[in-house]
Amino acid sequence: MLAAIGSAVGIGNIWRFSSVVGQNGGGAYLVPYLLAVLCFAVPLMVLEMSVGRHLRADVVSSFGRAGRSFRAFGWLISLILLLILSYYLVITGWTLAYLAFSLLGIDVAFSDFTSSLQPVAYFLISALATGVVVSSGVKRGIERLVSVLVPFAFLILLALALFCLSLPGAQTGMSFLFRPDYSMLLRPGLWSAAIGQAFFSLSVGMGILITYGAYLDDDADIPKSALIVTVSDLLAAILAGIAIFSLVFTFGLPPTAGAELAFITLPKAFELISYGPILGVAFFALLFSAALTSAVSMLEVNVAAVMGQTGMSRRKASFLLTMALIAIGLPSALSYSSIGLSFFGSRILDLLDGTVGTLGLPIAAFLVAMVFRWFMDEHLLYSQLGVLSSWMRPLPFLTKYAIPTVLMIITILSLMEH
Ligand code: PHE
């Protein structure tokens with residue numbers, strides 16, 4: 001369960017959540033987000049965990065159990081994850097670099113940092129660290145890592161949020177974060193952004209929870225585990241939001257800064273505030289820990305799939321996939337440097353996030369819901385969940401009809417936008 005929380009709580013909660021909230025008018029966004037989490041992400045999470053524990057197999061074999069030709073979908077999802085991971089690790093590298101800068105007490109402008117070759121070095125370190133953890137195994141690598149880093153991340157988050165609540169801008173920040181503006185709810189874009197963020201943030205729909213579910217004890221209560229993961233993820237996002245918006249409003253910085261919030265806006269605040277250097281170290285240590293435990297979960301899906309399909313050892317599969325990851329991620333790592341690798345006028349990292357990161361996710365989640373609800377025995381769900389308690393009753397309908405329909409609409413809408 002800690003590993004699932006580690007996967008869910010990542011850069012998405014701390015950085016992407018705040019920037020999406022900031023750009024969508026603050027509190028208004030929370031309503032569709034909570035609905036998306038409860039109606040779509042949680043049911044799919046329960047389905048994935050059930051499939052994982054029932055089949056106890058990697059994602060490719062799991063799809064294969066529904067029909068041999070479905071194995072291709074398993075590989076497709078692994079590939080989507082590998083591509084997402086390739087640029088996620090570049091951003092993980094940025095957080096590591098900023099952690100190092102804050103520890104050393106040096107002040108490096110984001111544009112100077114990205115135009116140097118340093119991001120490449122930090123990307124390599126992050127990729128190798130992820131590879132080493134996964135190669136050490138589920139118990140000796142992943143479990144050990146998450147049992148330290150997940151509690152650590154929550155402690156820092158709590159301390160940061162409490163400290164920032166004492167700042168003069170905290171009240172304005174809170175009302176920005178929590179005051180709903182119902183007129184925003186009429187914008188369709190808000191809804192698809194909320195659903196996309198819910199899936200991304202909870203790491204749902206990409207086979208991660210199928211893979212982790214395969215390691216789950218027989219007596220674990222799946223709906224309860226899913227709720228704990230969800231509540232932890234929400235809590236992390238809200239605590240981060242409290243800290244970030246209190247800082248932003250205390251220093252009159254723009255809340256809509258988007259992607260630049262963590263690396264440009266916040267370091268400015270840390271310079272101005274008392275205890276700023278310590279806050280900076282805490283914030284970037286938090287971001288890096290959260291990112292690493294998410295990266296590990298994405299690599300584990302691929303390593304488990306390659307091991308399961310080829311019989312390769314964990315060590316060898318981890319090594320080969322980490323090397324592949326470095327090769328795929330290098331263009332993203334270079335895309336912000338002075339070499340400025342770009343394609344059709346947009347930086348490769350942004351291009352990957354805008355395509356695979358945005359479109360790959362609903363497609364993968366659609367495949368998971370379709371294949372496991374339409375082409376597998378209905379008995380699968382019930383054998384894992386037993387008698388459904390009252391809040392779980394809508395789950396069979398949601399996972400079979402509502403979720404695939406909504407995901408199809410989102411995919412078509414975003415394809416039309418491109
Ligand atoms: N959930 C992670 C986050 O919030 C990101 C992630 C996405 C992890 C997809 C795994 C798969 O940052």
# chains A, B, ... in the order shown; residues from 1 in each chain; ligands from 1
$ residues_around --residues "A:Val150" --least-positions-apart "5" --cutoff "9 Å" --atoms "only C-alpha atoms" --output "list in words"
Leu2, Ala3, Ile5, Gly6, Val9, Leu145, Leu155, Ser289, Ala290 and Thr293 of chain A
$ closest_atom_pairs --of "chain A" --to "ligand 1" --cutoff "9 Å" --atoms "only C-alpha atoms and all ligand atoms" --output "tab-separated table"
residue	atom	partner	partner_atom_place_in_ligand_line	distance
A:Ile5	CA	ligand 1	1 (N)	8.8
A:Gly6	CA	ligand 1	1 (N)	8.2
A:Ser7	CA	ligand 1	8 (C)	5.3
A:Ala8	CA	ligand 1	1 (N)	3.8
A:Val9	CA	ligand 1	4 (O)	4.8
A:Gly10	CA	ligand 1	12 (O)	3.2
A:Ile11	CA	ligand 1	12 (O)	3.9
A:Gly12	CA	ligand 1	4 (O)	3.3
A:Asn13	CA	ligand 1	4 (O)	4.9
A:Ile14	CA	ligand 1	4 (O)	7.8
A:Trp15	CA	ligand 1	12 (O)	8.4
A:Arg16	CA	ligand 1	12 (O)	7.8
A:Phe17	CA	ligand 1	4 (O)	8.4
A:Leu81	CA	ligand 1	11 (C)	6.8
A:Ile84	CA	ligand 1	9 (C)	7.3
A:Leu85	CA	ligand 1	11 (C)	7.8
A:Tyr88	CA	ligand 1	5 (C)	8.1
A:Gln197	CA	ligand 1	4 (O)	8.5
A:Ala198	CA	ligand 1	1 (N)	8.9
A:Phe199	CA	ligand 1	1 (N)	7.8
A:Phe200	CA	ligand 1	7 (C)	4.7
A:Ser201	CA	ligand 1	4 (O)	3.7
A:Leu202	CA	ligand 1	1 (N)	5.0
A:Ser203	CA	ligand 1	1 (N)	4.2
A:Val204	CA	ligand 1	11 (C)	7.1
A:Gly205	CA	ligand 1	11 (C)	8.5
A:Met206	CA	ligand 1	11 (C)	6.6
A:Gly207	CA	ligand 1	11 (C)	8.7
A:Ile208	CA	ligand 1	11 (C)	6.9
A:Asp233	CA	ligand 1	4 (O)	8.1
A:Ala237	CA	ligand 1	4 (O)	8.9
A:Ala290	CA	ligand 1	12 (O)	7.4
A:Ala291	CA	ligand 1	12 (O)	6.3
A:Thr293	CA	ligand 1	8 (C)	8.5
A:Ser294	CA	ligand 1	8 (C)	4.7
A:Ala295	CA	ligand 1	8 (C)	6.4
A:Val296	CA	ligand 1	10 (C)	8.5
A:Ser297	CA	ligand 1	10 (C)	6.2
A:Met298	CA	ligand 1	10 (C)	5.3
A:Gly357	CA	ligand 1	9 (C)	8.4
A:Leu361	CA	ligand 1	9 (C)	7.9
$ residues_around --residues "A:Ser166" --least-positions-apart "6" --cutoff "12 Å" --atoms "only C-alpha atoms" --output "list in words"
Ala159, Leu160, Gly173, Met174, Ile242, Ala243, Ser246, Leu247 and Thr250 of chain A
$ write_last_selection --atoms "N, CA, C and O atoms" --output "PDB file, in the first residue's frame"
ATOM      1  N   ALA A 159       4.713  19.806   7.680  1.00  0.00           N
ATOM      2  CA  ALA A 159       5.469  20.901   8.283  1.00  0.00           C
ATOM      3  C   ALA A 159       5.418  22.142   7.393  1.00  0.00           C
ATOM      4  O   ALA A 159       5.196  23.261   7.873  1.00  0.00           O
ATOM      5  N   LEU A 160       5.592  21.931   6.078  1.00  0.00           N
ATOM      6  CA  LEU A 160       5.565  23.073   5.151  1.00  0.00           C
ATOM      7  C   LEU A 160       4.211  23.765   5.187  1.00  0.00           C
ATOM      8  O   LEU A 160       4.121  24.996   5.257  1.00  0.00           O
ATOM      9  N   GLY A 173      -4.624  33.030   0.087  1.00  0.00           N
ATOM     10  CA  GLY A 173      -4.299  31.755  -0.560  1.00  0.00           C
ATOM     11  C   GLY A 173      -5.398  30.733  -0.334  1.00  0.00           C
ATOM     12  O   GLY A 173      -5.848  30.066  -1.267  1.00  0.00           O
ATOM     13  N   MET A 174      -5.851  30.644   0.916  1.00  0.00           N
ATOM     14  CA  MET A 174      -6.883  29.657   1.245  1.00  0.00           C
ATOM     15  C   MET A 174      -8.176  29.947   0.511  1.00  0.00           C
ATOM     16  O   MET A 174      -8.829  29.050   0.015  1.00  0.00           O
ATOM     17  N   ILE A 242      -1.957  24.276  -0.091  1.00  0.00           N
ATOM     18  CA  ILE A 242      -1.976  25.237   1.017  1.00  0.00           C
ATOM     19  C   ILE A 242      -0.627  25.942   1.122  1.00  0.00           C
ATOM     20  O   ILE A 242      -0.528  27.171   1.192  1.00  0.00           O
ATOM     21  N   ALA A 243       0.456  25.139   1.085  1.00  0.00           N
ATOM     22  CA  ALA A 243       1.791  25.726   1.207  1.00  0.00           C
ATOM     23  C   ALA A 243       2.070  26.661   0.036  1.00  0.00           C
ATOM     24  O   ALA A 243       2.485  27.818   0.218  1.00  0.00           O
ATOM     25  N   SER A 246      -0.203  29.903  -0.163  1.00  0.00           N
ATOM     26  CA  SER A 246       0.099  30.875   0.897  1.00  0.00           C
ATOM     27  C   SER A 246       1.356  31.650   0.526  1.00  0.00           C
ATOM     28  O   SER A 246       1.417  32.876   0.671  1.00  0.00           O
ATOM     29  N   LEU A 247       2.356  30.944   0.030  1.00  0.00           N
ATOM     30  CA  LEU A 247       3.599  31.617  -0.368  1.00  0.00           C
ATOM     31  C   LEU A 247       3.353  32.578  -1.518  1.00  0.00           C
ATOM     32  O   LEU A 247       3.797  33.730  -1.503  1.00  0.00           O
ATOM     33  N   THR A 250       1.486  35.628  -0.379  1.00  0.00           N
ATOM     34  CA  THR A 250       2.252  36.460   0.538  1.00  0.00           C
ATOM     35  C   THR A 250       3.200  37.375  -0.231  1.00  0.00           C
ATOM     36  O   THR A 250       3.408  38.523   0.124  1.00  0.00           O
TER      37      THR A 250
END
$ atom_distance --atom1 "atom CA of A:Ala327" --atom2 "atom CA of A:Gly360"
20.2 Å
$ residues_around --residues "A:Ser78" --least-positions-apart "3" --cutoff "10 Å" --atoms "only C-alpha atoms" --output "ChimeraX atom specification"
/A:59-60,72-75,81-84,206-208,298-303,305-306,364
$ closest_atom_pairs --of "stretch 155-271 of chain A" --to "stretch 379-403 of chain A" --cutoff "9 Å" --atoms "only C-alpha atoms" --output "CSV"
residue,atom,partner,partner_atom,distance
A:Asp218,CA,A:Gln384,CA,8.9
A:Asp221,CA,A:Leu385,CA,7.9
A:Ile222,CA,A:Leu385,CA,7.0
A:Pro223,CA,A:Leu385,CA,7.6
$ residues_around --residues "A:Phe123" --least-positions-apart "6" --cutoff "8 Å" --atoms "only C-alpha atoms" --output "ChimeraX atom specification"
/A:89-94,333
$ write_last_selection --atoms "C-alpha atoms" --output "PDB file, in the first residue's frame"
ATOM      1  CA  LEU A  89      12.877  11.533 -15.044  1.00  0.00           C
ATOM      2  CA  VAL A  90      14.103  14.732 -16.680  1.00  0.00           C
ATOM      3  CA  ILE A  91      11.855  16.713 -14.318  1.00  0.00           C
ATOM      4  CA  THR A  92      12.929  14.449 -11.436  1.00  0.00           C
ATOM      5  CA  GLY A  93      16.477  15.490 -12.366  1.00  0.00           C
ATOM      6  CA  TRP A  94      15.518  19.176 -12.130  1.00  0.00           C
ATOM      7  CA  ALA A 333      16.874  16.171 -21.285  1.00  0.00           C
TER       8      ALA A 333
END
$ residues_around --residues "A:Arg56" --least-positions-apart "3" --cutoff "6 Å" --atoms "only C-alpha atoms" --output "list of chain:residue names"
A:Gly52, A:Arg53, A:Ala214
$ write_last_selection --atoms "C-alpha atoms" --output "short mmCIF file (atom, residue, chain, number, x, y, z; two decimals), in the first residue's frame"
data_model
loop_
_atom_site.label_atom_id
_atom_site.label_comp_id
_atom_site.auth_asym_id
_atom_site.auth_seq_id
_atom_site.Cartn_x
_atom_site.Cartn_y
_atom_site.Cartn_z
CA GLY A 52 -3.71 -7.79 -10.37
CA ARG A 53 -4.43 -9.91 -7.35
CA ALA A 214 -0.17 -8.88 -8.07
#
$ atom_distance --atom1 "atom CA of A:Trp191" --atom2 "atom CA of A:Tyr29"
8.5 Å
$ residues_around --residues "A:Ala285" --least-positions-apart "6" --cutoff "10 Å" --atoms "only C-alpha atoms" --output "PDB file with N, CA, C and O atoms, in the first residue's frame"
ATOM      1  N   THR A  95      14.419  18.471 -10.059  1.00  0.00           N
ATOM      2  CA  THR A  95      14.172  18.605  -8.615  1.00  0.00           C
ATOM      3  C   THR A  95      15.427  18.243  -7.832  1.00  0.00           C
ATOM      4  O   THR A  95      15.744  18.872  -6.834  1.00  0.00           O
ATOM      5  N   LEU A  96      16.148  17.225  -8.323  1.00  0.00           N
ATOM      6  CA  LEU A  96      17.392  16.838  -7.642  1.00  0.00           C
ATOM      7  C   LEU A  96      18.417  17.969  -7.722  1.00  0.00           C
ATOM      8  O   LEU A  96      19.096  18.295  -6.742  1.00  0.00           O
ATOM      9  N   TYR A  98      17.838  21.177  -8.023  1.00  0.00           N
ATOM     10  CA  TYR A  98      17.449  22.273  -7.139  1.00  0.00           C
ATOM     11  C   TYR A  98      17.606  21.916  -5.679  1.00  0.00           C
ATOM     12  O   TYR A  98      17.859  22.781  -4.853  1.00  0.00           O
ATOM     13  N   LEU A  99      17.492  20.618  -5.369  1.00  0.00           N
ATOM     14  CA  LEU A  99      17.794  20.186  -4.005  1.00  0.00           C
ATOM     15  C   LEU A  99      19.266  20.435  -3.717  1.00  0.00           C
ATOM     16  O   LEU A  99      19.636  20.992  -2.674  1.00  0.00           O
ATOM     17  N   ALA A 100      20.125  20.044  -4.687  1.00  0.00           N
ATOM     18  CA  ALA A 100      21.565  20.259  -4.501  1.00  0.00           C
ATOM     19  C   ALA A 100      21.867  21.758  -4.368  1.00  0.00           C
ATOM     20  O   ALA A 100      22.617  22.170  -3.474  1.00  0.00           O
ATOM     21  N   SER A 102      19.915  24.134  -3.314  1.00  0.00           N
ATOM     22  CA  SER A 102      19.469  24.702  -2.028  1.00  0.00           C
ATOM     23  C   SER A 102      20.361  24.231  -0.893  1.00  0.00           C
ATOM     24  O   SER A 102      20.611  24.989   0.039  1.00  0.00           O
ATOM     25  N   LEU A 103      20.844  22.993  -0.985  1.00  0.00           N
ATOM     26  CA  LEU A 103      21.753  22.517   0.066  1.00  0.00           C
ATOM     27  C   LEU A 103      23.046  23.320   0.069  1.00  0.00           C
ATOM     28  O   LEU A 103      23.595  23.645   1.119  1.00  0.00           O
ATOM     29  N   LEU A 149      10.755   6.847   2.237  1.00  0.00           N
ATOM     30  CA  LEU A 149      10.464   8.117   1.565  1.00  0.00           C
ATOM     31  C   LEU A 149       9.021   8.583   1.693  1.00  0.00           C
ATOM     32  O   LEU A 149       8.751   9.781   1.751  1.00  0.00           O
ATOM     33  N   PHE A 152       8.466  10.204   5.067  1.00  0.00           N
ATOM     34  CA  PHE A 152       9.309  11.398   5.030  1.00  0.00           C
ATOM     35  C   PHE A 152       8.607  12.515   4.240  1.00  0.00           C
ATOM     36  O   PHE A 152       8.508  13.663   4.695  1.00  0.00           O
ATOM     37  N   ALA A 153       8.068  12.151   3.066  1.00  0.00           N
ATOM     38  CA  ALA A 153       7.405  13.154   2.231  1.00  0.00           C
ATOM     39  C   ALA A 153       6.203  13.749   2.964  1.00  0.00           C
ATOM     40  O   ALA A 153       5.988  14.968   2.937  1.00  0.00           O
ATOM     41  N   ILE A 156       7.322  16.236   5.713  1.00  0.00           N
ATOM     42  CA  ILE A 156       7.744  17.530   5.168  1.00  0.00           C
ATOM     43  C   ILE A 156       6.531  18.330   4.713  1.00  0.00           C
ATOM     44  O   ILE A 156       6.417  19.533   4.972  1.00  0.00           O
ATOM     45  N   LEU A 279      13.459  26.073   4.022  1.00  0.00           N
ATOM     46  CA  LEU A 279      12.236  25.745   3.297  1.00  0.00           C
ATOM     47  C   LEU A 279      12.549  25.221   1.903  1.00  0.00           C
ATOM     48  O   LEU A 279      11.934  24.269   1.427  1.00  0.00           O
ATOM     49  N   ALA A 291       8.917  12.193  -6.530  1.00  0.00           N
ATOM     50  CA  ALA A 291       9.137  11.831  -7.929  1.00  0.00           C
ATOM     51  C   ALA A 291       9.783  10.447  -8.047  1.00  0.00           C
ATOM     52  O   ALA A 291       9.403   9.629  -8.885  1.00  0.00           O
TER      53      ALA A 291
END
$ closest_residue --among "A:Gly329, A:Pro151, A:Pro32, A:Pro404" --to "A:Arg187" --atoms "only C-alpha atoms"
A:Pro32
$ closest_residue --among "A:Gly280, A:Leu253, A:Ala194, A:Tyr87" --to "A:Gly354" --atoms "only C-alpha atoms"
A:Tyr87
$ select_by_dssp --residues "stretch 194-378 of chain A" --states "helix (DSSP H, G or I)" --output "ChimeraX atom specification"
/A:194-202,208-213,222-250,258-272,276-310,314-334,348-354,356-374
$ atom_distance --atom1 "atom CA of A:Gly345" --atom2 "atom CA of A:Ala109"
24.0 Å
$ select_by_dssp --residues "stretch 321-364 of chain A" --states "strand (DSSP E)" --output "list in words"
Ser342, Phe343, Ser346 and Arg347 of chain A
$ closest_residue --among "A:Leu216, A:Leu320, A:Val132, A:Ile412" --to "A:Glu48" --atoms "only C-alpha atoms"
A:Leu216
